[in-house]
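Peer 1: Quick one: this structure, given as structure tokens, is what I'll be asking you about.
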Amino acid sequence: MLDLFAIAAKNADSIDNVFNDAVTSLPVDEAKTATEFAQWVDENTLISINIRLFVIAELLCGIPYRNIHEWAEEQADLSGKAKDLILRERLKGFYEKRMTFDRAFQYGERFKYGALNAGGLGLSVYAPYCAVLSPDFSNALDQIACLPGDSLDICFARAGKFDHIDLEKSVGPYSHRHWMVTSQRIGKIDSTPKHGWQQLLISPDSKCYFEIIFIGDITLKSLHCVRIPAAEYQAMWELAFANYGRKLSEAERAWVQDFIQLIRASKDGKIQVEVIT
Amino acid sequence: MNFILEAFSPADAVAIVQTGQRLRLIRPPYRQSNAIELPNSAIQDAVINHDFHVCGRQFENWETIIAFLNQQLADYRQKHGHPVAETLDSLEILEVAPLEVLQGFLDNVENQLIPQGQLEHANNFLFALLESGASKANPDLTIKAGKLLKQISQAEACKKNTALVFESQYNPFKSLVQKNKTEMANQAADYIKQQHGFFGFAAQAS
């Protein structure tokens, strides 16, 4: 079994070297901007996880965030079915891919996945609510690694079969994330205005990003804030307003219920909510 | 057309649906405007990385998919000890809503609900607002809500007057209605309608 975090730690020097080589090969002005960018990444990035509003409501009730294995264990307890059967039923044709990756690594079934984020909404297509982890939480993690993309894409890039060679070469320790990001985006930094730098971390289409894999329990205390797109915020209040004119469906009531719980928690100072335009 | 529910999240009824060549992400309140077009590779990404469950069931139309998703959500939340409330707490919504949101709600009443004649919706909201702590904390909201209630009662009075004028001018069965003989009036109207008569509509409308 592979030890992802040991591999990441072993790559620390090579990440330093790649960064230094990349920067020294640039003209003086561009090298200066690249160094400034690296510093900006170091100072401004946090880890974000795009989660469902329902999961935020669970966090507010004291239930920790669960990955797919932890979720399946819970389902197994509730239903009496075997955990593996539950995973097969949920993932069907994608079961092998997910399990091949998770089981290739020591503690792979305990991995949590996030993205480096410097103020944006994260990978928001499927889940617009972006939970940003606090720097204290991230800095206290012993087992944490950074990747220049989606770990499954990296490991299944070669003819769709699992191959960890590219991952072994590219994974780095979280402490070196700013050098990794700068080396990976070196050709785009100078031509990107400073206010657009966050898009070098997560592209607008969410296809290019830096994945963070870690082991740790995420609770309400782990969160720095929850970011919500302004359109989502507006849409949820419109749905709440519709409640005065008609009986909402179960799903609509559930969403409004969770949303109001989040806003109430924000009002009570239990969680910070940022609405992003 | 076949509707294939490719994958969904039972906890919040968000789903990926294939219709013909189009793959769409849908979510409550299931409006065309909040549906997102997805590439075909999205199913794998959604299932492996974003907590969706593979489904693959076929449905006849949107209504049956939405009914299925609502049921799945209700069952999932019940099973996990977070049942969906039968009704939402109208006062709580107003008590947590920020001031600018409440002002936006009042603007909606003024600019949309009243002009569109959705007076019950407007009344429900305004009475809840006046009952809530939000209006006590913000006297401006109370003043505006009071003004809007006045507008609504004027609109209602106007609507009533129009109905009375309509009835007196166009209802040929007025005397029967006044004598509580509406059943007879309706029978007469049905008869005239069957005969393609002109007055059927007026009698039934009253």
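By convention in this document, the chains of the structure tokens carry letters A, B, ... by their order, each chain's residues are numbered from 1, and ligands are numbered from 1 in the order they are shown.
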Using only C-alpha atoms, which chain A residues lie at most 9 Å away from chain B, written as a ChimeraX atom specification?

Peer 2: /A:50-55,67-68,78,89-95,97-98,113,125-127,234,237-257,260-261,263-264,267

Peer 1: If you run DSSP on this backbone, which residues of region 203-247 of chain A come out as alpha helix (DSSP H), and could you give them as an NGL selection string?

Peer 2: :A and (230-242)

Peer 1: Identify, on the basis of only C-alpha atoms, every residue whose closest approach to His224 (chain A) does not exceed 7 Å; exclude the query and any residue fewer than 4 positions from it along the same chain; express the result as a list in words.

Peer 2: Val132, Leu133, Ser134 and Gln272 of chain A

Peer 1: Would you work out the distance separating CA of Ala34 (chain A) from CA of Ile189 (chain A), expressed in Å to one decimal?

Peer 2: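 Going from CA of Ala34 (chain A) over to CA of Ile189 (chain A), I get 6.5 Å.
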
Peer 1: Measuring atom to atom with only C-alpha atoms, identify which of A:Phe111, A:Ser25, A:Leu167, A:Ser191 is nearest to Arg66 (chain A).

Peer 2: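 The closest residue to Arg66 (chain A) is A:Phe111.
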
Peer 1: Run DSSP on the backbone and give me the residues of region 33-215 of chain A it puts in strand (DSSP E), as a PyMOL selection string.

Peer 2: chain A and resi 46-51+112-117+129-133+144-147+172-173+211-214

Peer 1: Generate the output file for the selected residues, N, CA and C atoms, as a PDB file, in the first residue's frame.

Peer 2:
ATOM      1  N   LEU A  46      -6.780  28.951   1.442  1.00  0.00           N
ATOM      2  CA  LEU A  46      -7.330  28.056   2.462  1.00  0.00           C
ATOM      3  C   LEU A  46      -7.871  26.832   1.715  1.00  0.00           C
ATOM      4  N   ILE A  47      -8.303  25.850   2.479  1.00  0.00           N
ATOM      5  CA  ILE A  47      -8.871  24.656   1.845  1.00  0.00           C
ATOM      6  C   ILE A  47     -10.384  24.806   1.831  1.00  0.00           C
ATOM      7  N   SER A  48     -10.978  24.523   0.681  1.00  0.00           N
ATOM      8  CA  SER A  48     -12.443  24.575   0.638  1.00  0.00           C
ATOM      9  C   SER A  48     -13.010  23.241   0.187  1.00  0.00           C
ATOM     10  N   ILE A  49     -14.210  22.964   0.669  1.00  0.00           N
ATOM     11  CA  ILE A  49     -14.940  21.766   0.240  1.00  0.00           C
ATOM     12  C   ILE A  49     -16.349  22.216  -0.112  1.00  0.00           C
ATOM     13  N   ASN A  50     -16.766  21.923  -1.340  1.00  0.00           N
ATOM     14  CA  ASN A  50     -18.137  22.286  -1.710  1.00  0.00           C
ATOM     15  C   ASN A  50     -19.078  21.206  -1.202  1.00  0.00           C
ATOM     16  N   ILE A  51     -19.939  21.609  -0.303  1.00  0.00           N
ATOM     17  CA  ILE A  51     -20.812  20.624   0.324  1.00  0.00           C
ATOM     18  C   ILE A  51     -22.277  21.013   0.168  1.00  0.00           C
ATOM     19  N   LYS A 112     -10.084  12.770   3.073  1.00  0.00           N
ATOM     20  CA  LYS A 112     -11.070  13.814   2.768  1.00  0.00           C
ATOM     21  C   LYS A 112     -10.453  14.641   1.641  1.00  0.00           C
ATOM     22  N   TYR A 113     -11.291  15.195   0.788  1.00  0.00           N
ATOM     23  CA  TYR A 113     -10.801  15.902  -0.397  1.00  0.00           C
ATOM     24  C   TYR A 113     -11.290  17.345  -0.400  1.00  0.00           C
ATOM     25  N   GLY A 114     -10.368  18.250  -0.637  1.00  0.00           N
ATOM     26  CA  GLY A 114     -10.739  19.655  -0.749  1.00  0.00           C
ATOM     27  C   GLY A 114      -9.972  20.296  -1.895  1.00  0.00           C
ATOM     28  N   ALA A 115     -10.115  21.599  -2.029  1.00  0.00           N
ATOM     29  CA  ALA A 115      -9.407  22.324  -3.091  1.00  0.00           C
ATOM     30  C   ALA A 115      -8.774  23.576  -2.496  1.00  0.00           C
ATOM     31  N   LEU A 116      -7.654  23.968  -3.066  1.00  0.00           N
ATOM     32  CA  LEU A 116      -7.036  25.241  -2.629  1.00  0.00           C
ATOM     33  C   LEU A 116      -7.917  26.370  -3.107  1.00  0.00           C
ATOM     34  N   ASN A 117      -8.131  27.329  -2.238  1.00  0.00           N
ATOM     35  CA  ASN A 117      -9.098  28.374  -2.550  1.00  0.00           C
ATOM     36  C   ASN A 117      -8.604  29.708  -1.981  1.00  0.00           C
ATOM     37  N   TYR A 129     -22.616  25.532  -2.103  1.00  0.00           N
ATOM     38  CA  TYR A 129     -22.204  25.999  -0.771  1.00  0.00           C
ATOM     39  C   TYR A 129     -20.753  25.593  -0.530  1.00  0.00           C
ATOM     40  N   CYS A 130     -19.904  26.593  -0.358  1.00  0.00           N
ATOM     41  CA  CYS A 130     -18.461  26.354  -0.282  1.00  0.00           C
ATOM     42  C   CYS A 130     -18.002  26.516   1.179  1.00  0.00           C
ATOM     43  N   ALA A 131     -17.689  25.391   1.793  1.00  0.00           N
ATOM     44  CA  ALA A 131     -17.213  25.427   3.183  1.00  0.00           C
ATOM     45  C   ALA A 131     -15.708  25.646   3.165  1.00  0.00           C
ATOM     46  N   VAL A 132     -15.273  26.709   3.795  1.00  0.00           N
ATOM     47  CA  VAL A 132     -13.849  27.032   3.822  1.00  0.00           C
ATOM     48  C   VAL A 132     -13.306  26.648   5.194  1.00  0.00           C
ATOM     49  N   LEU A 133     -12.262  25.820   5.189  1.00  0.00           N
ATOM     50  CA  LEU A 133     -11.710  25.344   6.469  1.00  0.00           C
ATOM     51  C   LEU A 133     -10.812  26.410   7.075  1.00  0.00           C
ATOM     52  N   ILE A 144      -1.552  15.559   5.374  1.00  0.00           N
ATOM     53  CA  ILE A 144      -2.142  16.468   4.379  1.00  0.00           C
ATOM     54  C   ILE A 144      -1.188  16.603   3.193  1.00  0.00           C
ATOM     55  N   ALA A 145      -1.768  16.546   1.999  1.00  0.00           N
ATOM     56  CA  ALA A 145      -0.939  16.622   0.793  1.00  0.00           C
ATOM     57  C   ALA A 145      -1.652  17.455  -0.262  1.00  0.00           C
ATOM     58  N   CYS A 146      -0.853  17.974  -1.191  1.00  0.00           N
ATOM     59  CA  CYS A 146      -1.387  18.838  -2.247  1.00  0.00           C
ATOM     60  C   CYS A 146      -1.083  18.222  -3.614  1.00  0.00           C
ATOM     61  N   LEU A 147      -2.047  18.286  -4.517  1.00  0.00           N
ATOM     62  CA  LEU A 147      -1.872  17.723  -5.865  1.00  0.00           C
ATOM     63  C   LEU A 147      -2.224  18.765  -6.928  1.00  0.00           C
ATOM     64  N   GLY A 172       2.734  16.825  -3.305  1.00  0.00           N
ATOM     65  CA  GLY A 172       3.680  17.543  -2.450  1.00  0.00           C
ATOM     66  C   GLY A 172       3.088  17.832  -1.090  1.00  0.00           C
ATOM     67  N   PRO A 173       3.916  18.222  -0.141  1.00  0.00           N
ATOM     68  CA  PRO A 173       3.370  18.553   1.179  1.00  0.00           C
ATOM     69  C   PRO A 173       2.586  19.872   1.115  1.00  0.00           C
ATOM     70  N   GLU A 211      -5.866  19.937  -5.742  1.00  0.00           N
ATOM     71  CA  GLU A 211      -6.607  19.129  -4.762  1.00  0.00           C
ATOM     72  C   GLU A 211      -5.791  18.979  -3.480  1.00  0.00           C
ATOM     73  N   ILE A 212      -6.498  19.014  -2.383  1.00  0.00           N
ATOM     74  CA  ILE A 212      -5.861  18.777  -1.088  1.00  0.00           C
ATOM     75  C   ILE A 212      -6.483  17.509  -0.511  1.00  0.00           C
ATOM     76  N   ILE A 213      -5.616  16.560  -0.173  1.00  0.00           N
ATOM     77  CA  ILE A 213      -6.099  15.322   0.463  1.00  0.00           C
ATOM     78  C   ILE A 213      -5.589  15.326   1.898  1.00  0.00           C
ATOM     79  N   PHE A 214      -6.474  15.025   2.819  1.00  0.00           N
ATOM     80  CA  PHE A 214      -6.051  15.030   4.216  1.00  0.00           C
ATOM     81  C   PHE A 214      -6.870  14.033   5.037  1.00  0.00           C
TER      82      PHE A 214
END

Peer 1: Please list as a ChimeraX atom specification every residue within 6 Å of region 37-44 of chain A, counting only C-alpha atoms and excluding residues in the same chain fewer than 6 positions away.

Peer 2: /A:118,178,182

Peer 1: Could the residues in this selection be saved with N, CA, C and O atoms as a CSV table (one decimal), in the first residue's frame?

Peer 2:
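Okay, this is what ended up in part.csv:
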chain,number,residue,atom,x,y,z
A,118,ALA,N,-8.7,30.7,-2.8
A,118,ALA,CA,-8.3,32.1,-2.3
A,118,ALA,C,-9.4,33.1,-2.4
A,118,ALA,O,-9.2,34.2,-3.0
A,178,HIS,N,2.4,26.7,-2.2
A,178,HIS,CA,2.6,28.0,-3.0
A,178,HIS,C,3.6,27.8,-4.0
A,178,HIS,O,3.5,28.4,-5.1
A,182,THR,N,2.8,27.9,-8.1
A,182,THR,CA,3.5,28.9,-8.9
A,182,THR,C,4.2,28.2,-10.1
A,182,THR,O,4.1,28.6,-11.2
